[in-house]
Amino acid sequence: MNYKIFFVLSFLFLSVITFGQVERIPYYENINFNNSFSLVVENDLKNNYIIVDLTSFKTEFEKAYFTKITFNENKLVRLDFGNPNMAWFKADKTHSVSMINELLLALKTETVKLSSAMTEIQKHEWLTLNNK
């Protein structure tokens, strides 16, 4: 019985290490956004994979806040490929690319608007409270 438990736990551990860990993909290190905020860079039968240019934000607060509010969007799944200047998302193809781009731009606008309304102290407090 202990052997079976050990086997199952080992399998789960190896699965997490193998499939849960994402490494940098060299091809996507230097994407040219051509003044776009987001691009669809990959797709499969079910999903579009979108990359967002985080360098368009002026501050770390804006990057962190944008990232946080995207987690609340049920049309987006945040992925991470190890580049701090880009954010990766997956969106089901039932949502059009234009709708997803509009959503991302609306979230960017919300982020910039909030950032301009906050003091530097408020931003620092938010970053501290949110472990950023």
# chains A, B, ... in the order shown; residues from 1 in each chain; ligands from 1
>>> residues_around(residues="region 112-128 of chain A", least_positions_apart="4", cutoff="10 Å", atoms="only C-alpha atoms", output="list in words")
Phe57, Lys58, Thr59, Glu60, Phe61, Glu62, Lys63, Ala64, Tyr65, Phe66, Ala106, Leu107, Lys108 and Lys132 of chain A
>>> write_last_selection(atoms="C-alpha atoms", output="short mmCIF file (atom, residue, chain, number, x, y, z; two decimals), in the first residue's frame")
data_model
loop_
_atom_site.label_atom_id
_atom_site.label_comp_id
_atom_site.auth_asym_id
_atom_site.auth_seq_id
_atom_site.Cartn_x
_atom_site.Cartn_y
_atom_site.Cartn_z
CA PHE A 57 3.61 51.15 -18.53
CA LYS A 58 5.65 53.91 -16.91
CA THR A 59 5.96 52.45 -13.41
CA GLU A 60 6.23 49.18 -11.55
CA PHE A 61 2.92 50.04 -9.88
CA GLU A 62 1.18 50.13 -13.26
CA LYS A 63 2.70 46.80 -14.32
CA ALA A 64 1.73 45.17 -11.02
CA TYR A 65 -1.77 46.64 -10.93
CA PHE A 66 -2.48 45.68 -14.55
CA ALA A 106 -9.60 48.98 -21.34
CA LEU A 107 -7.67 47.39 -18.47
CA LYS A 108 -4.60 49.39 -19.46
CA LYS A 132 4.85 43.46 -5.21
#
>>> residues_around(residues="Asp92 (chain A)", least_positions_apart="6", cutoff="12 Å", atoms="only C-alpha atoms", output="PyMOL selection string")
chain A and resi 43-50+74-77+99-100
>>> select_by_dssp(residues="region 15-130 of chain A", states="alpha helix (DSSP H)", output="NGL selection string")
:A and (15-20 or 60-70 or 97-117 or 120-129)
